[in-house]
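In what follows, a single structure is set out as structure tokens and then discussed.
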Amino acid sequence: MTDKILLSRMEAHPADSNTIARYLDTGGYTALRKALSKMEPADVAAEVKASNIRGRGGASFPTGVKWGFLPPDTRPRYLVINGDESEPGTFKDRMLLERDPHQLVEGIIVSAYALDVHQAFVYIRGEYPKPARRLQRAIDEAYEAGYLGDDILGSGFDLDVTVHLGGGAYICGEETALLSSLEGRRGEPRIKPPFPAIEGLYAKPTIVNNVETISNVPWIINNGGATYAAIGPETSSGTRVMSLSGHVNKPGDYEVVAGLTWRDLIYDIGGGILDDRELKAWVPGGASAPWFVPAEHLDTPVTIDDIAKQGSMIGSGAVIVMNDSTNVVGAAHRLVRFFSHESCGQCTPCREGTTWLERILARILDGYGRPEDIGLLLDVSDNISPGLRWPPAMTTICPLGPSATAPVVSMMRYFRDEVEAMIPGGHGEVADGR
Amino acid sequence: MADKPATVTINLDGVDVDVAAGQPLIEAAQKAGTYIPRFCYHSRLEPAGMCRACLVEVEGPRGTALVPSCTTPVGDGMVVHTKSDTVEKAQAGVLEFLLANHPLDCPVCDKGGECPLQDQAFAFGAGESRYVEEKRHFEKPIDISDLILLDRERCILCSRCTRFSEDISGDPLIEFKDRGNYVQVITFPDEPFASYFSGNTVQICPVGALTAKPYRFKARPWDLEAVESVSLVDTIHSKVSVQASQNEIIRIYGVDNDATNHGWLSDKDRFVHDHIYAEDRITRPLIRENGDFREATWAEAISLVGERLGSFDGAKVAGIGGARSTNEDAYAFSKFLRSVVGTPHLDAQVGDGLDAKFAAAVTPRAEIGDLETAKTILLWGPDLKEELPVLYLRVRRAATHLGAKLVIVHPRRTGLDGVATHSITYRPGTGPDLLRKLAAGDGDYAAVRDTLSEGPVVALVGRAGLGEDPDLAEAVAAFAVDLPDAKVMPLLRRGNVFGALDMGVAPTLLPGRVDVDDASGRSALEAAWGSLPEGPGLDATGILTGLAEGELGALVLNGADPVRDHPTPSVARAGLDSAEFIVAFEMFMSDSAAYADVIFPVAGLGEVEGTATNIEGRVQKINRIVPPSGMARPVWSIIDDLALAMGSEFGAASAEAVGDEITRVAPAYAGVAWDRLSWGEGRDGFVLPTADGSQPLEYTPVDRSVPIVSGHRILHTARVLYDDGVIVRHSSGIAGLAPAAAAHLHPRDASVLALAEGDLITLTVDGEVTLPVVIDPSLVEGTVYVPFNLASTAGLGAVGTLRIDAVRGGDA
Amino acid sequence: MSSTWSTENQQRAEEVLGKYPEKRSAVMPLLYIAALEHGYVSNDAMREVAELTGLTSAQVQSVASFYTMYYREPVGKYVVSVCTSISCYLRGADDVLAAIEEEAGVLDGETTPDGLISVEHVECSGACGGAPAVSVNWELIEGLEPDKARDLIKWLREAKPEVVFGDEMQLLFGGRPSFDWGPKEIEGAIAPLPAFSPYGTAKGEKR
Ligand SMILES: Cc1cc2nc3c(=O)[nH]c(=O)nc-3n(C[C@H](O)[C@H](O)[C@H](O)COP(=O)(O)O)c2cc1C
Ligand code: SF4
Ligand code: FES
């Protein structure tokens, strides 16, 4: 197994991995020096492209390809780092920001150089003041050291970075909603196309990348894109920080190379199932992802493609584990409630549909389920995401609405009898826990 | 002109159709005969794509996908399914979602019967709702302004109202609040939806969430009769649908057209109609007797007026007014005064306008549509938001959506400054000087001059204030016509004033834009009319002075109120006071009508038919939907009787017959017979001149302006949308909306005079008024701004030396 | 510049406005500063932000109300936010919320009569590995058990700290974190808004 890329510094130097002194001491800002002194912007972009790295924000889009969409002549361009991390189950960007902020700052500077960007923004969710403070301190240190500001390291390249705090809205993680929010508007997703690379912040070409994605850039520049690409399977290159939570004994953030199995991840890395109970199901890639169950998926590999083939996604890398004490209606309700609460409210199917699903599930939990609610749950879901397939068909502007159907459909697919058992007059067995 | 739009071929439900490129699929489908449901989409708003009612399937490289047809542009070869099972299910699903929280109060909803939600639920919905949960609750209708009620339970959150307010009108006072399932449309506490355009949101609301107080519970849509007409509230002549129930006009809606208003109206256009039912409307002829008016029969009133007017030497009689008339009425007025009475003294303006020849015949003259392609717009004239609100919308659109650069020159900040590339403020009186610097690109003006050098240029010119010399507008126009690819639009605001000028209600013009001094035009008219007095006559100011000095004896007022509207009210009062005989054609006892000896009650909005000519010279049809109130009659028919009483037979059997005569007698109007104006391309009217062979006047503006040497502080007075004119005052919906008047002072002037906000000061110009002070940094130092013709500013006047007396100083 | 704000907050506003290419972008940070000035995002606060950014008050309200962290009603000195999303739910967040409600004597969404403590449930706090999680004025505590949650409320009521520090509370009341928190954090929250300069933060002196 390869050495860790993203977490090595914080693991080796827990007391001060966030400081510039430690960062420099452990090879920090060498990628920046290398890029500015020895590489043309296009070379930097070429390395990133060669790394085959795919975005860690959820959509797994190849970063180098995205960068290539920028129209060649329009200026200014902006780079926006997505640190909104609000997908239930996900807490990796928080760690990267708190524990190794310079890694991100260096990634930003190198990426901005590659993209001919002179102003970058980092959008951090409002509930993350500490990660924002840590990052801001790193930025301040970088300014002081001459890594940010005018004429960086005498190269003639200028860059300013502004940290922007959100106000409490998951949808601002969606890149166009994020840009609306950053412009001082409601965090409502925009119709695509135009994509941000063409028309983004202030209607100017903008690259939006996740915190983790950009944190990989210094390593890629130091070691070469090809070296990065060689780690793991071809279409899931590099390492990825996965957030384990729920009913495992050792929840936490783990940096892994794709290709291990779910069993490896949940039992070895995650330390097995809480309270020594049976594994019932898990969410493989954040709240939006359809669930996996041990009988079908436990020994399948964790790669972007394998997961997709089985009808789910790696998303933001958040694995939420449920043991057999879990009441699936309760779990589905919590997930659906989240989407209803976080819907921006623009699209009728999302605004009305997620709330309707949430109400039906709440009613079933309260003991007022009706036999027809089973079909209704599925049909309302179908009206939000026709065909209930994967990847989801959309009746909405952004995938949030369809995401809310994933827990409902998963619950019905694997545990329909448990749902029926909760409806008065129904039969079957209800789980004992929550 | 614009190139013919390129077409693309799409396959719509299995049939190949050619459609214009660049339009949204929803429009293309509709033009091809397939209606796709929609709620948020509105052809005059930027598509939001959020209601998701318009989903259709489009085949793509990665299979078939549901896409909103309102935000998807048509593309060549696109394969579209609007009726597949998936589409039908998705559309029905959206409708069910929308109805989930919609109350079932259609029977008591103003929108019931004309509700897109009701209609489309019927056409595309599934029927029964399966939603058994509690619906969203909000306080039932709440007032969000003096005119608008909001019922949030009915709202389907299509954002049409918020997009209109933010993008089109520039008044983002109504907005979404909260998020997700809790989203609602609302204003800010204590900041009402006080927009001059608020009524448009009622019209475009696809449900009964926004309703207009004046219309509330007045009628059901299926009881309504409607006619298409134009609004004579200002010179844009916005296209309207006038709607009546049981012979009573109860609503005016905007009608979409490219030519003028894009369907939008100002609230004044929309809510002005009920003045025709005002209790104190004059509905019978009145004759003055022992100082009071008494009601009379038409026969008595006509013969009295015929007798009295006949007793004067023709040249001692004069006529003022016509801007409230149709072209037919104005023509009859002109013909009567000139050919029967025998006077050349007539004027449709009241000293507050522009040179008649300039206004009627400036070349090249801009059309409203030219704003769509203009690169640069020069606006040196009135604050459009106050005086020509629909033109404000068109100019705003050009600046915000079409990339035009806007240069505004005005004595203070106007409603458009926020979207202007350059806005210049100046002290009234110093305009000629400023114009010279601007033309030369001196110093600070170099950048402005550069902007103005990019054509096509549309120059909108008028009097920025009532104290401004009208010659300045002409000087600005003279400068502007030489700019690249430039056209000029003279800005006059009052009703059908352009029509009246075109009908020869002007001291220097004969019907059809013929110069009074044009020999061949004169002889043609003389042949038609029998006789025609010599030479140019007096303008309104000349007429009023002539009356005061005894050179004139009698006055015919046609819907004009010089006491309120003339920039020097004392001149108006002196003239009316001295007149030996005054007859007024009126709907209300205006300050001027009060001087009359006889008042003829005239028909008004919705009660008359005819034609009218707007600010671009566009002739459109006005239609009638209700009979005149009481014994009121249209002006042309009163005049017909009057002419007969004075021995001349006009013999007009109808307004249309008068219209026919206009096409024969007035050269520029030769091609616009009524029947052409009701169908096809004529529905939006025609911009004159359309006839060939005739030779209407072409007028090139000249710079005759002289700088005014002014006193220490100068008054700037200009109109506001809701003033104290008789029509607004009698329209119950908007009568209360006039702003509180104040004297606006530049902060430095206020400090020199030791005045604070709220202090009372007395201003004297022609008359004297006392007003509270408002500190207004948007003024140029040395200027005092007061709105013209509000109840508390009437009589101040606009021209003369300004005196300021503090009534109560600051607290300190 | 609006005149009613303290000089310090006016400076903060200036600073924020200077960070963005367009004034409107400063709306969100300005709303936090307004909350600091007014105690919460009152109508007056929104009016002032409107003035600073050239928007209408209705536009500012529209933005502020979209987000959950701009409290438009007065809240307590300490806002205790209990995460009840899926991972915390699976780990017993509902019991933590119940314990906090009981100890504080108010229900979810309410503020104690003395204006000290507001309790609310929130969606995912990004502490799923340390579930169940609670934050006080957005300073996080992970691995909180119901009993410890009661202690937290008691402590807030008694100690009434002027500044709350996540580290301190984690030490006193927390359990297993999502990850090793590393070095001590030097800044904490002075009000129920994210402790981030230029608004809402204080450096710990004796730390
Ligand atoms: C509802 C929704 C929420 C999202 N939340 C996040 C988020 O919190 N963080 C993130 O980086 N990406 C999030 N994304 C993905 C972003 O839209 C975008 O794809 C990503 O930031 C791009 O960065 P990447 O290519 O580096 O992954 C979200 C997407 C959706 C549809
Ligand atoms: S799907 Fe939901 S969250 Fe996404 S844009 Fe539509 S309403 Fe907003
Ligand atoms: S009409 Fe297309 S989404 Fe509303």
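Just remember, in the structure tokens the first chain shown is A, the second B, etc., residues are 1-based per chain, and ligands are 1-based in the order shown.
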Quick one: contact table of range 296-392 of chain A to range 61-83 of chain C, 10 Å max, nearest atom pair and distance in Å to one decimal per residue, counting only C-alpha atoms, chain and number order, as a tab-separated table?
```
residue	atom	partner	partner_atom	distance
A:Glu342	CA	C:Tyr67	CA	9.6
A:Cys344	CA	C:Phe66	CA	7.9
A:Gly345	CA	C:Phe66	CA	9.7
```
Output of the above residues as an mmCIF file, in the first residue's frame, restricted to C-alpha atoms:
```cif
data_model
loop_
_atom_site.group_PDB
_atom_site.id
_atom_site.type_symbol
_atom_site.label_atom_id
_atom_site.label_comp_id
_atom_site.auth_asym_id
_atom_site.auth_seq_id
_atom_site.Cartn_x
_atom_site.Cartn_y
_atom_site.Cartn_z
ATOM 1 C CA GLU A 342 -32.393 21.510 2.933
ATOM 2 C CA CYS A 344 -33.909 25.321 -1.593
ATOM 3 C CA GLY A 345 -37.544 25.322 -2.596
#
```
Quiz item: Got a sec to check which residues lie within 6 Å of ligand 1, using only C-alpha atoms and all ligand atoms, and send them as a list in words?
Solution: Gly55, Arg56, Gly57, Gly58, Ala59, Ser60, Phe61, Thr63, Asn82, Gly83, Asp84, Glu85, Ser86, Glu87, Ile171, Gly173, Glu174, Glu175, Val208, Asn209, Asn210, Thr213, Cys398, Pro399 and Leu400 of chain A
Convert the current residue selection to file output with N, CA and C atoms, as a JSON list (two decimals), in the first residue's frame.
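Below is the file that was written, result16.json:
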```json
[["chain", "number", "residue", "atom", "x", "y", "z"],
["A", 55, "GLY", "N", -13.01, 14.41, -8.82],
["A", 55, "GLY", "CA", -13.43, 15.28, -7.73],
["A", 55, "GLY", "C", -13.92, 14.51, -6.52],
["A", 56, "ARG", "N", -13.56, 15.03, -5.35],
["A", 56, "ARG", "CA", -13.94, 14.38, -4.11],
["A", 56, "ARG", "C", -15.18, 15.01, -3.47],
["A", 57, "GLY", "N", -15.83, 15.91, -4.21],
["A", 57, "GLY", "CA", -17.00, 16.62, -3.65],
["A", 57, "GLY", "C", -18.27, 15.81, -3.75],
["A", 58, "GLY", "N", -18.29, 14.83, -4.64],
["A", 58, "GLY", "CA", -19.50, 14.03, -4.74],
["A", 58, "GLY", "C", -19.76, 13.53, -6.14],
["A", 59, "ALA", "N", -19.47, 14.36, -7.13],
["A", 59, "ALA", "CA", -19.83, 13.98, -8.49],
["A", 59, "ALA", "C", -18.74, 13.16, -9.18],
["A", 60, "SER", "N", -17.54, 13.10, -8.57],
["A", 60, "SER", "CA", -16.43, 12.31, -9.12],
["A", 60, "SER", "C", -16.07, 12.69, -10.55],
["A", 61, "PHE", "N", -16.17, 13.97, -10.87],
["A", 61, "PHE", "CA", -15.84, 14.41, -12.22],
["A", 61, "PHE", "C", -14.33, 14.61, -12.34],
["A", 63, "THR", "N", -10.98, 16.08, -12.63],
["A", 63, "THR", "CA", -10.62, 17.47, -12.39],
["A", 63, "THR", "C", -9.92, 18.11, -13.58],
["A", 82, "ASN", "N", -14.74, 24.40, -2.60],
["A", 82, "ASN", "CA", -15.98, 24.00, -1.96],
["A", 82, "ASN", "C", -15.69, 23.32, -0.62],
["A", 83, "GLY", "N", -15.91, 24.07, 0.43],
["A", 83, "GLY", "CA", -15.73, 23.54, 1.78],
["A", 83, "GLY", "C", -17.05, 23.61, 2.52],
["A", 84, "ASP", "N", -18.13, 23.38, 1.78],
["A", 84, "ASP", "CA", -19.45, 23.48, 2.42],
["A", 84, "ASP", "C", -19.81, 22.20, 3.17],
["A", 85, "GLU", "N", -19.11, 21.14, 2.83],
["A", 85, "GLU", "CA", -19.31, 19.83, 3.49],
["A", 85, "GLU", "C", -20.49, 19.74, 4.45],
["A", 86, "SER", "N", -21.64, 19.40, 3.92],
["A", 86, "SER", "CA", -22.82, 19.27, 4.78],
["A", 86, "SER", "C", -23.58, 17.99, 4.55],
["A", 87, "GLU", "N", -23.06, 17.13, 3.69],
["A", 87, "GLU", "CA", -23.74, 15.88, 3.39],
["A", 87, "GLU", "C", -23.66, 14.98, 4.63],
["A", 171, "ILE", "N", -27.55, 23.05, 0.66],
["A", 171, "ILE", "CA", -27.62, 23.17, -0.79],
["A", 171, "ILE", "C", -26.47, 24.03, -1.33],
["A", 173, "GLY", "N", -23.58, 23.55, -0.99],
["A", 173, "GLY", "CA", -22.52, 22.67, -1.46],
["A", 173, "GLY", "C", -22.64, 22.39, -2.94],
["A", 174, "GLU", "N", -23.85, 22.47, -3.46],
["A", 174, "GLU", "CA", -24.03, 22.32, -4.91],
["A", 174, "GLU", "C", -23.36, 23.53, -5.54],
["A", 175, "GLU", "N", -22.54, 23.29, -6.54],
["A", 175, "GLU", "CA", -21.61, 24.34, -6.96],
["A", 175, "GLU", "C", -22.28, 25.64, -7.44],
["A", 208, "VAL", "N", -14.89, 25.26, -9.72],
["A", 208, "VAL", "CA", -15.25, 24.90, -8.35],
["A", 208, "VAL", "C", -14.69, 23.51, -8.08],
["A", 209, "ASN", "N", -13.89, 23.43, -7.03],
["A", 209, "ASN", "CA", -13.35, 22.13, -6.63],
["A", 209, "ASN", "C", -13.45, 21.95, -5.13],
["A", 210, "ASN", "N", -13.56, 20.71, -4.76],
["A", 210, "ASN", "CA", -13.68, 20.34, -3.37],
["A", 210, "ASN", "C", -12.34, 20.53, -2.63],
["A", 213, "THR", "N", -10.06, 17.53, -3.07],
["A", 213, "THR", "CA", -9.51, 17.46, -4.42],
["A", 213, "THR", "C", -8.27, 18.33, -4.53],
["A", 398, "CYS", "N", -31.45, 20.50, -9.66],
["A", 398, "CYS", "CA", -30.24, 19.88, -9.13],
["A", 398, "CYS", "C", -30.59, 18.51, -8.56],
["A", 399, "PRO", "N", -29.60, 17.72, -8.21],
["A", 399, "PRO", "CA", -29.91, 16.34, -7.77],
["A", 399, "PRO", "C", -30.44, 16.23, -6.35],
["A", 400, "LEU", "N", -30.63, 17.34, -5.65],
["A", 400, "LEU", "CA", -31.06, 17.19, -4.26],
["A", 400, "LEU", "C", -32.41, 16.49, -4.16]]
```
Exercise. Give me the residues within 9 Å of Gly14 in chain B as number ranges by chain, counting only C-alpha atoms and dropping any in the same chain fewer than 4 places off.
Key: B: 79-81
Could you write out the selected residues, including N, CA, C and O atoms, as a PDB file, in the first residue's frame?
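What ended up in out-v6.pdb:
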```
ATOM      1  N   VAL B  79     -35.001  15.905 -31.091  1.00  0.00           N
ATOM      2  CA  VAL B  79     -36.178  15.041 -31.110  1.00  0.00           C
ATOM      3  C   VAL B  79     -36.887  15.185 -29.764  1.00  0.00           C
ATOM      4  O   VAL B  79     -36.304  14.922 -28.715  1.00  0.00           O
ATOM      5  N   VAL B  80     -38.130  15.639 -29.828  1.00  0.00           N
ATOM      6  CA  VAL B  80     -38.847  16.037 -28.620  1.00  0.00           C
ATOM      7  C   VAL B  80     -40.138  15.241 -28.482  1.00  0.00           C
ATOM      8  O   VAL B  80     -40.876  15.061 -29.459  1.00  0.00           O
ATOM      9  N   HIS B  81     -40.373  14.771 -27.272  1.00  0.00           N
ATOM     10  CA  HIS B  81     -41.643  14.110 -26.996  1.00  0.00           C
ATOM     11  C   HIS B  81     -42.390  14.900 -25.937  1.00  0.00           C
ATOM     12  O   HIS B  81     -41.893  15.085 -24.840  1.00  0.00           O
TER      13      HIS B  81
END
```
Practice problem: Define the interface residues of chain B facing chain A as those within 6 Å, counting only C-alpha atoms, and report them as a PyMOL selection string. | Solution: chain B and resi 50-51+90+93+97+179-181
Keeping only N, CA and C atoms, write the selected residues as a PDB file, in the first residue's frame.
```pdb
ATOM      1  N   MET B  50     -38.194  26.681 -12.844  1.00  0.00           N
ATOM      2  CA  MET B  50     -38.291  26.114 -11.506  1.00  0.00           C
ATOM      3  C   MET B  50     -39.610  25.427 -11.171  1.00  0.00           C
ATOM      4  N   CYS B  51     -40.676  25.719 -11.889  1.00  0.00           N
ATOM      5  CA  CYS B  51     -41.926  25.056 -11.508  1.00  0.00           C
ATOM      6  C   CYS B  51     -41.933  23.613 -11.994  1.00  0.00           C
ATOM      7  N   ALA B  90     -44.875  12.790 -15.478  1.00  0.00           N
ATOM      8  CA  ALA B  90     -44.113  13.842 -14.795  1.00  0.00           C
ATOM      9  C   ALA B  90     -44.954  15.115 -14.676  1.00  0.00           C
ATOM     10  N   GLY B  93     -47.537  14.657 -12.173  1.00  0.00           N
ATOM     11  CA  GLY B  93     -46.904  14.647 -10.862  1.00  0.00           C
ATOM     12  C   GLY B  93     -46.668  16.061 -10.351  1.00  0.00           C
ATOM     13  N   PHE B  97     -48.228  17.856  -7.076  1.00  0.00           N
ATOM     14  CA  PHE B  97     -47.399  18.526  -6.061  1.00  0.00           C
ATOM     15  C   PHE B  97     -47.875  19.956  -5.831  1.00  0.00           C
ATOM     16  N   ARG B 179     -37.150  29.088   3.150  1.00  0.00           N
ATOM     17  CA  ARG B 179     -36.532  28.096   2.271  1.00  0.00           C
ATOM     18  C   ARG B 179     -37.393  26.836   2.194  1.00  0.00           C
ATOM     19  N   GLY B 180     -37.169  26.063   1.147  1.00  0.00           N
ATOM     20  CA  GLY B 180     -37.805  24.757   1.022  1.00  0.00           C
ATOM     21  C   GLY B 180     -39.311  24.857   1.145  1.00  0.00           C
ATOM     22  N   ASN B 181     -39.839  23.978   1.956  1.00  0.00           N
ATOM     23  CA  ASN B 181     -41.276  23.907   2.140  1.00  0.00           C
ATOM     24  C   ASN B 181     -41.844  25.178   2.778  1.00  0.00           C
TER      25      ASN B 181
END
```
Self-check item: For Asp150 in chain A: contacts at 7 Å, only C-alpha atoms, fewer than 3 positions along chain excluded, given as a PyMOL selection string
Solution: chain A and resi 157-159
Write the selection just made, keeping C-alpha atoms, as a short mmCIF file (atom, residue, chain, number, x, y, z; two decimals), in the first residue's frame?
```cif
data_model
loop_
_atom_site.label_atom_id
_atom_site.label_comp_id
_atom_site.auth_asym_id
_atom_site.auth_seq_id
_atom_site.Cartn_x
_atom_site.Cartn_y
_atom_site.Cartn_z
CA PHE A 157 2.10 35.81 -10.22
CA ASP A 158 -0.52 37.47 -7.94
CA LEU A 159 -3.21 35.76 -5.94
#
```
Practice problem: Once DSSP has gone over the backbone, tell me which residues of range 190-365 of chain B are in helix (DSSP H, G or I), as a ChimeraX atom specification. | Solution: /B:198-204,213-215,221-223,267-271,273-277,298-310,314-316,327-341,356-361
Quiz item: Quick one: residues within 10 Å of range 39-42 of chain A, only C-alpha atoms counted, chain neighbours fewer than 3 positions away excluded, as an MDAnalysis selection string?
Solution: chainID A and resid 32:36 45:48 110:116 221
Those selected residues, please, written with N, CA, C and O atoms and delivered as an mmCIF file, in the first residue's frame.
```
data_model
loop_
_atom_site.group_PDB
_atom_site.id
_atom_site.type_symbol
_atom_site.label_atom_id
_atom_site.label_comp_id
_atom_site.auth_asym_id
_atom_site.auth_seq_id
_atom_site.Cartn_x
_atom_site.Cartn_y
_atom_site.Cartn_z
ATOM 1 N N LEU A 32 4.808 24.496 -4.861
ATOM 2 C CA LEU A 32 4.607 25.871 -5.320
ATOM 3 C C LEU A 32 5.880 26.409 -5.970
ATOM 4 O O LEU A 32 5.837 26.987 -7.057
ATOM 5 N N ARG A 33 7.021 26.195 -5.286
ATOM 6 C CA ARG A 33 8.294 26.667 -5.857
ATOM 7 C C ARG A 33 8.558 26.019 -7.206
ATOM 8 O O ARG A 33 8.939 26.681 -8.169
ATOM 9 N N LYS A 34 8.284 24.728 -7.240
ATOM 10 C CA LYS A 34 8.517 24.001 -8.471
ATOM 11 C C LYS A 34 7.638 24.561 -9.595
ATOM 12 O O LYS A 34 8.124 24.848 -10.702
ATOM 13 N N ALA A 35 6.368 24.722 -9.282
ATOM 14 C CA ALA A 35 5.440 25.188 -10.315
ATOM 15 C C ALA A 35 5.834 26.575 -10.802
ATOM 16 O O ALA A 35 5.919 26.830 -12.013
ATOM 17 N N LEU A 36 6.094 27.480 -9.856
ATOM 18 C CA LEU A 36 6.358 28.862 -10.244
ATOM 19 C C LEU A 36 7.696 29.002 -10.966
ATOM 20 O O LEU A 36 7.835 29.818 -11.866
ATOM 21 N N ALA A 45 -1.369 22.204 -15.251
ATOM 22 C CA ALA A 45 -2.683 21.646 -15.574
ATOM 23 C C ALA A 45 -2.531 20.255 -16.178
ATOM 24 O O ALA A 45 -3.323 19.348 -15.903
ATOM 25 N N ALA A 46 -1.483 20.078 -16.983
ATOM 26 C CA ALA A 46 -1.273 18.786 -17.631
ATOM 27 C C ALA A 46 -0.983 17.698 -16.607
ATOM 28 O O ALA A 46 -1.449 16.560 -16.729
ATOM 29 N N GLU A 47 -0.214 18.044 -15.561
ATOM 30 C CA GLU A 47 0.060 17.059 -14.510
ATOM 31 C C GLU A 47 -1.232 16.649 -13.805
ATOM 32 O O GLU A 47 -1.449 15.475 -13.513
ATOM 33 N N VAL A 48 -2.055 17.637 -13.520
ATOM 34 C CA VAL A 48 -3.314 17.341 -12.822
ATOM 35 C C VAL A 48 -4.168 16.443 -13.704
ATOM 36 O O VAL A 48 -4.785 15.482 -13.248
ATOM 37 N N VAL A 110 -1.158 26.737 -6.369
ATOM 38 C CA VAL A 110 -0.671 26.035 -7.557
ATOM 39 C C VAL A 110 -1.785 25.909 -8.600
ATOM 40 O O VAL A 110 -1.574 26.158 -9.792
ATOM 41 N N SER A 111 -2.988 25.584 -8.140
ATOM 42 C CA SER A 111 -4.102 25.460 -9.079
ATOM 43 C C SER A 111 -4.412 26.808 -9.724
ATOM 44 O O SER A 111 -4.670 26.893 -10.927
ATOM 45 N N ALA A 112 -4.405 27.861 -8.913
ATOM 46 C CA ALA A 112 -4.701 29.199 -9.445
ATOM 47 C C ALA A 112 -3.664 29.582 -10.492
ATOM 48 O O ALA A 112 -3.995 30.163 -11.532
ATOM 49 N N TYR A 113 -2.422 29.206 -10.218
ATOM 50 C CA TYR A 113 -1.363 29.489 -11.191
ATOM 51 C C TYR A 113 -1.657 28.756 -12.500
ATOM 52 O O TYR A 113 -1.583 29.331 -13.584
ATOM 53 N N ALA A 114 -2.042 27.497 -12.370
ATOM 54 C CA ALA A 114 -2.340 26.709 -13.569
ATOM 55 C C ALA A 114 -3.509 27.287 -14.347
ATOM 56 O O ALA A 114 -3.571 27.191 -15.570
ATOM 57 N N LEU A 115 -4.449 27.892 -13.621
ATOM 58 C CA LEU A 115 -5.698 28.338 -14.250
ATOM 59 C C LEU A 115 -5.683 29.825 -14.597
ATOM 60 O O LEU A 115 -6.673 30.355 -15.088
ATOM 61 N N ASP A 116 -4.587 30.513 -14.320
ATOM 62 C CA ASP A 116 -4.507 31.966 -14.499
ATOM 63 C C ASP A 116 -5.626 32.684 -13.747
ATOM 64 O O ASP A 116 -6.353 33.509 -14.283
ATOM 65 N N ILE A 221 1.942 17.605 -7.987
ATOM 66 C CA ILE A 221 2.996 18.393 -8.638
ATOM 67 C C ILE A 221 4.378 17.904 -8.182
ATOM 68 O O ILE A 221 5.312 17.801 -8.974
#
```
